[in-house]
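Shown next: entry10.cif, given as mmCIF, C-alpha atoms.
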data_query
loop_
_atom_site.label_atom_id
_atom_site.label_comp_id
_atom_site.auth_asym_id
_atom_site.auth_seq_id
_atom_site.Cartn_x
_atom_site.Cartn_y
_atom_site.Cartn_z
CA ALA A 1 11.42 -42.75 -15.59
CA SER A 2 10.07 -40.59 -12.81
CA ALA A 3 6.76 -40.06 -11.12
CA THR A 4 5.19 -37.58 -8.79
CA VAL A 5 2.42 -38.75 -6.56
CA ALA A 6 0.77 -38.17 -3.25
CA CYS A 7 -1.83 -39.71 -1.01
CA GLY A 8 -1.92 -37.02 1.61
CA PRO A 9 -3.05 -33.40 1.46
CA ARG A 10 -2.68 -33.22 -2.33
CA LEU A 11 -2.36 -35.29 -5.44
CA LEU A 12 0.91 -34.17 -6.96
CA THR A 13 0.10 -35.20 -10.49
CA THR A 14 -2.64 -34.24 -12.91
CA THR A 15 -5.39 -36.84 -12.81
CA GLY A 16 -7.18 -36.00 -16.02
CA ALA A 17 -7.39 -39.50 -17.41
CA ALA A 18 -10.54 -40.69 -19.14
CA PRO A 19 -13.36 -41.44 -16.71
CA THR A 20 -13.36 -44.97 -15.38
CA SER A 21 -16.42 -47.19 -15.15
CA ASN A 22 -19.25 -46.47 -12.76
CA SER A 23 -21.90 -48.66 -11.19
CA GLY A 24 -24.55 -48.28 -13.84
CA ALA A 25 -25.83 -44.76 -13.14
CA SER A 26 -26.11 -42.51 -16.17
CA VAL A 27 -23.80 -39.56 -15.59
CA SER A 28 -23.37 -35.98 -16.69
CA ALA A 29 -21.12 -33.11 -15.70
CA SER A 30 -21.75 -29.41 -15.57
CA VAL A 31 -20.90 -26.33 -13.57
CA GLN A 32 -23.89 -24.47 -12.21
CA THR A 33 -24.62 -21.54 -9.96
CA HIS A 34 -24.00 -22.14 -6.24
CA ASN A 35 -27.35 -22.88 -4.60
CA ASP A 36 -27.25 -24.01 -0.99
CA LYS A 37 -31.00 -24.49 -0.78
CA GLY A 38 -30.86 -27.38 -3.23
CA ASN A 39 -33.63 -28.15 -5.69
CA ASN A 40 -36.32 -29.16 -3.21
CA GLY A 41 -36.64 -25.82 -1.47
CA ASN A 42 -36.73 -25.51 2.33
CA ASN A 43 -32.92 -25.46 2.57
CA GLY A 44 -32.63 -28.76 0.71
CA HIS A 45 -35.00 -30.71 2.95
CA GLY A 46 -36.85 -33.66 1.45
CA ASN A 47 -40.31 -33.02 0.09
CA GLY A 48 -41.89 -35.56 2.43
CA ASN A 49 -44.60 -36.50 -0.08
CA GLY A 50 -43.38 -40.04 -0.72
CA LYS A 51 -42.04 -39.26 -4.19
CA SER A 52 -38.41 -39.65 -5.24
CA GLY A 53 -36.64 -36.35 -4.86
CA THR A 54 -33.46 -34.66 -5.99
CA VAL A 55 -30.45 -35.33 -3.77
CA THR A 56 -27.54 -32.92 -3.33
CA VAL A 57 -24.41 -34.64 -2.02
CA TYR A 58 -21.72 -32.55 -0.37
CA LEU A 59 -18.77 -34.89 -1.02
CA THR A 60 -16.04 -33.61 1.29
CA ARG A 61 -12.45 -34.50 2.04
CA HIS A 62 -11.32 -35.12 5.62
CA GLY A 63 -9.20 -32.65 7.57
CA GLU A 64 -5.41 -32.77 7.79
CA THR A 65 -3.98 -35.83 9.59
CA TRP A 66 -0.73 -36.82 11.27
CA MET A 67 0.21 -39.00 8.28
CA ASN A 68 -0.53 -36.14 5.87
CA VAL A 69 2.00 -34.00 7.73
CA GLY A 70 4.51 -36.85 7.68
CA HIS A 71 4.10 -37.35 3.91
CA ARG A 72 3.16 -40.99 4.36
CA MET A 73 0.91 -43.25 2.30
CA GLN A 74 -2.49 -43.17 3.96
CA GLY A 75 -5.06 -45.36 2.29
CA TRP A 76 -6.64 -48.05 4.46
CA SER A 77 -4.24 -47.10 7.24
CA ASP A 78 -5.36 -44.26 9.46
CA SER A 79 -4.20 -41.49 11.78
CA PRO A 80 -5.90 -38.79 13.87
CA LEU A 81 -6.63 -35.29 12.70
CA THR A 82 -4.04 -32.68 13.60
CA ALA A 83 -5.11 -29.57 15.49
CA LYS A 84 -5.24 -27.84 12.10
CA GLY A 85 -7.36 -30.68 10.75
CA GLU A 86 -9.83 -30.38 13.62
CA LEU A 87 -10.02 -26.63 13.13
CA VAL A 88 -10.73 -26.83 9.39
CA ALA A 89 -13.46 -29.43 9.97
CA THR A 90 -15.09 -27.12 12.50
CA GLN A 91 -14.75 -24.18 10.12
CA LEU A 92 -16.44 -26.25 7.42
CA GLY A 93 -19.43 -26.79 9.70
CA VAL A 94 -19.59 -23.10 10.62
CA GLY A 95 -19.48 -22.10 6.96
CA LEU A 96 -22.20 -24.57 6.01
CA SER A 97 -24.34 -23.27 8.87
CA LYS A 98 -23.88 -19.68 7.76
CA ALA A 99 -24.95 -20.70 4.25
CA GLY A 100 -28.14 -22.20 5.63
CA VAL A 101 -27.29 -25.76 4.61
CA LYS A 102 -29.18 -28.49 6.47
CA PHE A 103 -28.54 -32.19 6.01
CA GLU A 104 -31.12 -34.94 5.89
CA ALA A 105 -28.41 -37.59 6.29
CA ALA A 106 -24.67 -37.90 6.78
CA TYR A 107 -22.11 -40.57 5.88
CA SER A 108 -18.37 -41.00 6.18
CA ALA A 109 -15.74 -43.59 5.40
CA ASP A 110 -15.09 -45.88 8.35
CA MET A 111 -11.74 -44.44 9.39
CA LEU A 112 -11.11 -42.13 12.35
CA ARG A 113 -10.07 -39.22 10.13
CA HIS A 114 -13.36 -39.34 8.23
CA SER A 115 -15.72 -39.82 11.15
CA SER A 116 -13.94 -37.13 13.18
CA THR A 117 -14.24 -34.64 10.33
CA ALA A 118 -17.94 -35.41 9.92
CA ALA A 119 -18.62 -35.17 13.66
CA LEU A 120 -16.86 -31.81 14.03
CA ALA A 121 -18.67 -30.32 11.04
CA LEU A 122 -22.08 -31.70 12.00
CA ALA A 123 -21.72 -30.38 15.55
CA GLN A 124 -21.87 -26.85 14.12
CA LEU A 125 -25.09 -27.71 12.26
CA LYS A 126 -26.97 -29.17 15.25
CA PHE A 127 -27.37 -32.40 13.28
CA LYS A 128 -29.09 -35.10 15.30
CA GLY A 129 -27.21 -38.38 15.38
CA GLU A 130 -23.90 -39.45 13.86
CA ALA A 131 -22.65 -39.98 10.33
CA VAL A 132 -23.15 -43.53 9.08
CA ARG A 133 -19.79 -45.19 8.46
CA ASP A 134 -19.38 -46.85 5.07
CA ALA A 135 -16.23 -48.82 4.17
CA GLY A 136 -16.97 -48.26 0.48
CA LEU A 137 -16.02 -44.60 0.92
CA ARG A 138 -12.45 -45.40 2.05
CA GLU A 139 -9.33 -44.10 0.37
CA VAL A 140 -7.65 -46.37 -2.18
CA ALA A 141 -5.73 -49.29 -0.64
CA PHE A 142 -1.93 -49.15 -1.03
CA GLY A 143 -1.14 -52.71 0.06
CA SER A 144 2.32 -53.17 1.56
CA PHE A 145 3.04 -49.48 1.00
CA GLU A 146 0.53 -48.37 3.64
CA GLY A 147 2.35 -46.07 6.05
CA ALA A 148 5.45 -45.83 3.86
CA LEU A 149 6.97 -42.50 2.97
CA GLN A 150 5.52 -41.23 -0.30
CA SER A 151 9.03 -41.00 -1.71
CA GLU A 152 9.60 -44.70 -0.96
CA ALA A 153 6.37 -45.69 -2.71
CA GLN A 154 7.28 -43.60 -5.75
CA LYS A 155 10.69 -45.27 -5.96
CA ALA A 156 9.15 -48.75 -5.76
CA ALA A 157 6.58 -47.96 -8.48
CA ILE A 158 8.97 -46.45 -11.04
CA PRO A 159 10.10 -49.77 -12.64
CA TYR A 160 6.46 -50.68 -13.36
CA LEU A 161 5.21 -47.34 -14.69
CA LYS A 162 3.63 -47.42 -18.17
CA GLY A 163 2.30 -43.88 -18.30
CA ALA A 164 2.26 -40.49 -16.58
CA THR A 165 -1.23 -40.35 -15.05
CA PHE A 166 -2.11 -41.06 -11.45
CA ASN A 167 -4.05 -44.14 -12.55
CA ASP A 168 -0.81 -45.40 -14.12
CA PHE A 169 0.89 -44.91 -10.78
CA LEU A 170 -1.78 -46.96 -9.01
CA ASP A 171 -1.31 -49.75 -11.56
CA ALA A 172 2.46 -49.61 -10.99
CA LEU A 173 2.00 -49.73 -7.23
CA VAL A 174 -0.24 -52.80 -7.58
CA ALA A 175 2.47 -54.46 -9.70
CA ALA A 176 5.16 -53.59 -7.16
CA ASN A 177 2.98 -54.88 -4.33
CA THR A 178 2.42 -58.16 -6.19
CA ALA A 179 6.12 -58.51 -7.03
CA ALA A 180 6.94 -58.12 -3.35
CA GLY A 181 4.65 -61.04 -2.58
CA SER A 182 2.47 -58.98 -0.26
CA PRO A 183 -0.86 -60.51 0.83
CA LEU A 184 -2.24 -56.99 1.41
CA LEU A 185 -4.67 -55.48 -1.08
CA ALA A 186 -3.48 -52.71 -3.38
CA GLU A 187 -6.34 -51.35 -5.51
CA THR A 188 -6.38 -50.31 -9.14
CA ALA A 189 -8.31 -47.22 -10.24
CA PRO A 190 -11.21 -49.30 -11.68
CA GLN A 191 -11.52 -51.26 -8.44
CA LEU A 192 -11.60 -48.04 -6.46
CA THR A 193 -14.19 -46.49 -8.76
CA VAL A 194 -16.54 -49.46 -8.70
CA ARG A 195 -16.75 -49.66 -4.90
CA THR A 196 -16.93 -45.89 -4.45
CA MET A 197 -19.74 -45.44 -6.95
CA ALA A 198 -21.60 -48.42 -5.49
CA SER A 199 -21.67 -46.62 -2.13
CA LEU A 200 -22.55 -43.22 -3.56
CA ASN A 201 -25.31 -44.68 -5.73
CA ALA A 202 -26.78 -46.55 -2.77
CA ILE A 203 -26.64 -43.46 -0.53
CA ALA A 204 -28.24 -41.21 -3.15
CA ALA A 205 -30.92 -43.72 -4.16
CA LYS A 206 -31.93 -44.25 -0.53
CA GLN A 207 -32.20 -40.51 0.14
CA SER A 208 -34.05 -39.94 -3.13
CA LYS A 209 -36.69 -42.47 -2.09
CA ALA A 210 -36.97 -40.62 1.23
CA GLY A 211 -37.85 -37.43 -0.63
CA GLY A 212 -34.42 -36.05 -1.48
CA GLY A 213 -32.46 -33.30 0.22
CA ASN A 214 -28.88 -32.60 1.21
CA VAL A 215 -26.46 -35.34 2.29
CA LEU A 216 -22.98 -34.90 3.75
CA VAL A 217 -20.43 -37.52 2.67
CA VAL A 218 -16.86 -37.39 4.03
CA SER A 219 -14.24 -39.36 2.11
CA SER A 220 -10.62 -39.02 0.88
CA GLY A 221 -8.85 -37.18 -1.91
CA ILE A 222 -8.09 -39.96 -4.39
CA THR A 223 -11.50 -41.55 -3.83
CA ILE A 224 -13.21 -38.23 -4.51
CA ILE A 225 -11.20 -37.76 -7.70
CA ALA A 226 -12.27 -41.25 -8.85
CA ALA A 227 -15.92 -40.42 -8.23
CA LEU A 228 -15.70 -37.10 -10.06
CA GLU A 229 -14.10 -38.77 -13.07
CA ALA A 230 -16.73 -41.50 -13.06
CA MET A 231 -19.35 -38.76 -13.25
CA GLY A 232 -17.68 -37.26 -16.30
CA ALA A 233 -15.91 -34.33 -14.66
CA ASP A 234 -12.60 -33.03 -16.04
CA THR A 235 -10.27 -33.33 -13.07
CA SER A 236 -7.30 -32.03 -15.05
CA THR A 237 -8.44 -28.68 -13.66
CA LEU A 238 -7.38 -29.98 -10.23
CA PRO A 239 -3.64 -30.61 -10.62
CA ALA A 240 -3.16 -30.17 -6.86
CA GLY A 241 -6.02 -32.53 -6.03
CA ILE A 242 -8.69 -31.97 -3.37
CA GLY A 243 -8.02 -29.69 -0.40
CA ASN A 244 -8.71 -30.66 3.19
CA ALA A 245 -12.42 -30.11 3.98
CA ALA A 246 -13.09 -29.00 0.39
CA VAL A 247 -16.63 -29.63 -0.84
CA ASN A 248 -17.53 -31.24 -4.15
CA LYS A 249 -21.21 -30.62 -4.75
CA LEU A 250 -23.06 -33.34 -6.66
CA GLU A 251 -26.65 -33.64 -7.78
CA TYR A 252 -28.46 -36.97 -8.10
CA LYS A 253 -31.75 -36.84 -9.99
CA ASN A 254 -33.59 -39.73 -11.63
CA GLY A 255 -30.45 -41.88 -11.47
CA THR A 256 -28.26 -39.22 -13.08
CA TRP A 257 -25.25 -37.60 -11.42
CA THR A 258 -24.28 -34.00 -12.19
CA VAL A 259 -21.13 -32.38 -10.81
CA LEU A 260 -22.09 -28.88 -9.69
CA SER A 261 -18.77 -27.78 -8.19
CA MET A 262 -15.37 -29.19 -7.30
CA ASN A 263 -12.79 -28.49 -4.60
CA ASP A 264 -14.86 -25.68 -3.08
CA LEU A 265 -13.19 -24.19 0.00
CA SER A 266 -15.62 -21.28 0.31
CA TYR A 267 -17.44 -22.88 3.25
CA VAL A 268 -14.17 -23.26 5.17
CA GLU A 269 -13.25 -19.69 4.33
CA ALA A 270 -16.66 -18.45 5.50
CA GLY A 271 -16.17 -20.40 8.72
CA THR A 272 -13.01 -18.46 9.55
CA LYS A 273 -14.80 -15.11 9.64
#
What is this structure when it is put down as structure tokens?
Amino acid sequence: ASATVACGPRLLTTTGAAPTSNSGASVSASVQTHNDKGNNGNNGHGNGNGKSGTVTVYLTRHGETWMNVGHRMQGWSDSPLTAKGELVATQLGVGLSKAGVKFEAAYSADMLRHSSTAALALAQLKFKGEAVRDAGLREVAFGSFEGALQSEAQKAAIPYLKGATFNDFLDALVAANTAAGSPLLAETAPQLTVRTMASLNAIAAKQSKAGGGNVLVVSSGITIIAALEAMGADTSTLPAGIGNAAVNKLEYKNGTWTVLSMNDLSYVEAGTK
């Protein structure tokens, strides 16, 4: 058997498996016209009238890191952004600014790569304050394979593979981690999805109660894929995964998630001009 996998700049296998469980929110998926002003008007700002409002989440992947370049497993382990990673995060912010996007709130996973990406982007938007760090937005945990070369992790997982999807790879990696007697956590796809959706649901519900508006959330590639699938999106259209600083635009309204766009690099591209 063989497997292709990644945990860095790209997922190297199609991840179009059936959506995994979510945290109780009803979900839907659609592709709609790009609308940076959101559904509340005033560039996506909350309505301020005390009523629950529509929330637009810009779920974004971090910039390129040292471990991405080294083709190493980067889940709960961390490394700084490269110069290219810092540049693309800045370009993201410039592009969002040019599009007139304003954020009511910002969140990131609690790793350096996530908070740095958020800070660099938000600096271009004159956002007051810092992104709130949320451990629930972390990348999937790879257990004893954290920091290993991707090729080494693939080799270790092969004897335990039962299918060809990325979720099958995660299951195989968990089995290999257990067989090695490691005390370190390696997460399955359902475990990843449950904690990720718990964080996203909490973030969106809180902002909705505050009147709605736009929210920046910086996370990681596999985690973003898990969230998209939980919301009913067909990620088989993303065989190369999520690009660095790519935006996945999500709408949260009355407890329902709608995927508006996936892997959108247009803001980064606009930021280069």
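For the pair CA of Leu92 (chain A) and CA of Val268 (chain A), the separation is 4.4 Å.
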- At what distance in Å, to one decimal, does CA of Thr56 (chain A) lie from CA of Val215 (chain A)?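 Atom-to-atom, CA of Val215 (chain A) to CA of Thr56 (chain A), that is 6.2 Å.
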- Radius query 9 Å about (-11.5, -33.6, -4.6), atoms used: all atoms listed in the file, as a ChimeraX atom specification: /A:59-61,220-228,235,238,241-244,246-248,262-264
Shortest contact to Ala204 (chain A), candidates A:Gly255, A:Gly70, A:Gly147, A:Gly75, atoms counted all atoms listed in the file, goes to A:Gly255
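Between Phe142 (chain A) and the candidates A:Gly129, A:Pro80, A:Pro183, A:Gly163, the tightest atom-to-atom separation, counting all atoms listed in the file, involves A:Pro183.
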For region 110-129 of chain A, I'd like the enclosing box, axis-aligned and padded by 6 Å on every side, reported as JSON with centre and edge lengths in Å to one decimal.
{"center_x": -19.6, "center_y": -36.4, "center_z": 11.9, "size_x": 31.0, "size_y": 31.0, "size_z": 19.3}
inquiry  = Could you list, as a ChimeraX atom specification, every residue matched by the PyMOL selection byres ((chain A and resi 267) around 12) in this structure?
reply    = /A:34,36,58,60,88-101,121,244-249,263-266,268-273
Target residues per the PyMOL selection byres ((chain A and resi 198) around 12), formatted as a PyMOL selection string: chain A and resi 21-25+134-137+191-197+199-205+227+230
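Coordinates place CA of Ala131 (chain A) at a distance of 7.1 Å from CA of Ala119 (chain A).
Once Asn254 (chain A) and its same-chain neighbours fewer than 5 positions away are set aside, A:Ser52, A:Gly53, A:Thr54, A:Ala205, A:Ser208 remain within 9 Å of it when counting all atoms listed in the file.
Neighbours of Ser116 (chain A) closer than or equal to 10 Å, with all atoms listed in the file counted and sequence neighbours fewer than 6 positions away skipped, come out as His62, Gly63, Pro80, Leu81, Gly85, Glu86, Ala89, Ser108, Leu122, Ala131 and Val218 of chain A.
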Applying 9 Å and all atoms listed in the file, which residues near Ser115 (chain A) remain after dropping the ones on its own chain fewer than 2 positions away? List them as a CSV table (one decimal) with C-alpha atoms, in the frame of the given file.
chain,number,residue,atom,x,y,z
A,62,HIS,CA,-11.3,-35.1,5.6
A,107,TYR,CA,-22.1,-40.6,5.9
A,108,SER,CA,-18.4,-41.0,6.2
A,109,ALA,CA,-15.7,-43.6,5.4
A,110,ASP,CA,-15.1,-45.9,8.4
A,111,MET,CA,-11.7,-44.4,9.4
A,112,LEU,CA,-11.1,-42.1,12.4
A,113,ARG,CA,-10.1,-39.2,10.1
A,117,THR,CA,-14.2,-34.6,10.3
A,118,ALA,CA,-17.9,-35.4,9.9
A,119,ALA,CA,-18.6,-35.2,13.7
A,120,LEU,CA,-16.9,-31.8,14.0
A,130,GLU,CA,-23.9,-39.4,13.9
A,131,ALA,CA,-22.6,-40.0,10.3
A,132,VAL,CA,-23.2,-43.5,9.1
A,133,ARG,CA,-19.8,-45.2,8.5
A,218,VAL,CA,-16.9,-37.4,4.0
Across A:Leu184, A:Ala189, A:Val140, A:Val55, the smallest distance to Thr256 (chain A), with all atoms listed in the file counted, is shown by A:Val55
Using all atoms listed in the file, the residue out of A:Leu260, A:Ala180, A:Met73, A:Val57 with shortest distance to Phe103 (chain A) is A:Val57
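Nearest residue to Trp66 (chain A), choosing from A:Ala83, A:Lys51, A:Val174, A:Asn214 and counting all atoms listed in the file: A:Ala83.
Residue nearest Asp78 (chain A), chosen from A:Glu152, A:Glu64, A:Glu229, A:Glu104 and counting all atoms listed in the file: A:Glu64.
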Show me that you can extract region 187-209 of chain A, keeping N, CA, C and O atoms, and write it as a tab-separated table (two decimals), in the first residue's frame.
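decode-v2.tsv was written with the following content:
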chain	number	residue	atom	x	y	z
A	187	GLU	N	-4.61	12.91	16.98
A	187	GLU	CA	-6.06	13.06	16.85
A	187	GLU	C	-6.63	12.39	15.60
A	187	GLU	O	-6.01	12.41	14.54
A	188	THR	N	-7.82	11.83	15.76
A	188	THR	CA	-8.58	11.33	14.61
A	188	THR	C	-9.33	12.50	13.99
A	188	THR	O	-9.47	13.58	14.59
A	189	ALA	N	-9.86	12.29	12.79
A	189	ALA	CA	-10.63	13.34	12.12
A	189	ALA	C	-11.86	13.76	12.94
A	189	ALA	O	-12.14	14.96	13.07
A	190	PRO	N	-12.63	12.81	13.51
A	190	PRO	CA	-13.78	13.23	14.32
A	190	PRO	C	-13.39	14.06	15.54
A	190	PRO	O	-14.07	15.03	15.88
A	191	GLN	N	-12.29	13.70	16.18
A	191	GLN	CA	-11.82	14.49	17.33
A	191	GLN	C	-11.47	15.91	16.91
A	191	GLN	O	-11.82	16.88	17.59
A	192	LEU	N	-10.78	16.02	15.79
A	192	LEU	CA	-10.41	17.32	15.27
A	192	LEU	C	-11.65	18.16	14.96
A	192	LEU	O	-11.74	19.34	15.31
A	193	THR	N	-12.62	17.53	14.30
A	193	THR	CA	-13.82	18.25	13.89
A	193	THR	C	-14.62	18.74	15.08
A	193	THR	O	-15.10	19.88	15.09
A	194	VAL	N	-14.77	17.91	16.09
A	194	VAL	CA	-15.57	18.29	17.25
A	194	VAL	C	-14.99	19.53	17.93
A	194	VAL	O	-15.71	20.49	18.24
A	195	ARG	N	-13.67	19.54	18.18
A	195	ARG	CA	-13.09	20.69	18.89
A	195	ARG	C	-13.06	21.93	18.02
A	195	ARG	O	-13.25	23.07	18.50
A	196	THR	N	-12.82	21.75	16.71
A	196	THR	CA	-12.78	22.90	15.81
A	196	THR	C	-14.15	23.56	15.70
A	196	THR	O	-14.28	24.79	15.81
A	197	MET	N	-15.19	22.75	15.51
A	197	MET	CA	-16.53	23.30	15.39
A	197	MET	C	-17.02	23.89	16.70
A	197	MET	O	-17.79	24.86	16.72
A	198	ALA	N	-16.57	23.34	17.82
A	198	ALA	CA	-16.94	23.91	19.12
A	198	ALA	C	-16.43	25.35	19.21
A	198	ALA	O	-17.14	26.27	19.65
A	199	SER	N	-15.19	25.56	18.78
A	199	SER	CA	-14.61	26.91	18.81
A	199	SER	C	-15.30	27.84	17.81
A	199	SER	O	-15.66	28.98	18.15
A	200	LEU	N	-15.49	27.38	16.59
A	200	LEU	CA	-16.13	28.22	15.58
A	200	LEU	C	-17.57	28.56	15.96
A	200	LEU	O	-18.02	29.71	15.78
A	201	ASN	N	-18.30	27.60	16.50
A	201	ASN	CA	-19.67	27.86	16.93
A	201	ASN	C	-19.70	28.89	18.05
A	201	ASN	O	-20.55	29.78	18.07
A	202	ALA	N	-18.78	28.77	19.00
A	202	ALA	CA	-18.74	29.71	20.12
A	202	ALA	C	-18.38	31.12	19.64
A	202	ALA	O	-18.99	32.11	20.08
A	203	ILE	N	-17.41	31.21	18.74
A	203	ILE	CA	-16.99	32.50	18.20
A	203	ILE	C	-18.14	33.17	17.45
A	203	ILE	O	-18.44	34.35	17.66
A	204	ALA	N	-18.79	32.40	16.58
A	204	ALA	CA	-19.88	32.95	15.77
A	204	ALA	C	-21.09	33.32	16.62
A	204	ALA	O	-21.72	34.37	16.41
A	205	ALA	N	-21.43	32.48	17.59
A	205	ALA	CA	-22.59	32.77	18.45
A	205	ALA	C	-22.36	34.04	19.26
A	205	ALA	O	-23.26	34.87	19.42
A	206	LYS	N	-21.14	34.20	19.78
A	206	LYS	CA	-20.82	35.39	20.56
A	206	LYS	C	-20.93	36.65	19.71
A	206	LYS	O	-21.52	37.66	20.14
A	207	GLN	N	-20.38	36.61	18.49
A	207	GLN	CA	-20.43	37.78	17.62
A	207	GLN	C	-21.85	38.06	17.14
A	207	GLN	O	-22.25	39.21	16.98
A	208	SER	N	-22.62	37.00	16.92
A	208	SER	CA	-24.01	37.18	16.51
A	208	SER	C	-24.80	37.92	17.58
A	208	SER	O	-25.59	38.83	17.28
A	209	LYS	N	-24.59	37.56	18.83
A	209	LYS	CA	-25.27	38.22	19.94
A	209	LYS	C	-24.84	39.68	20.06
A	209	LYS	O	-25.59	40.52	20.57
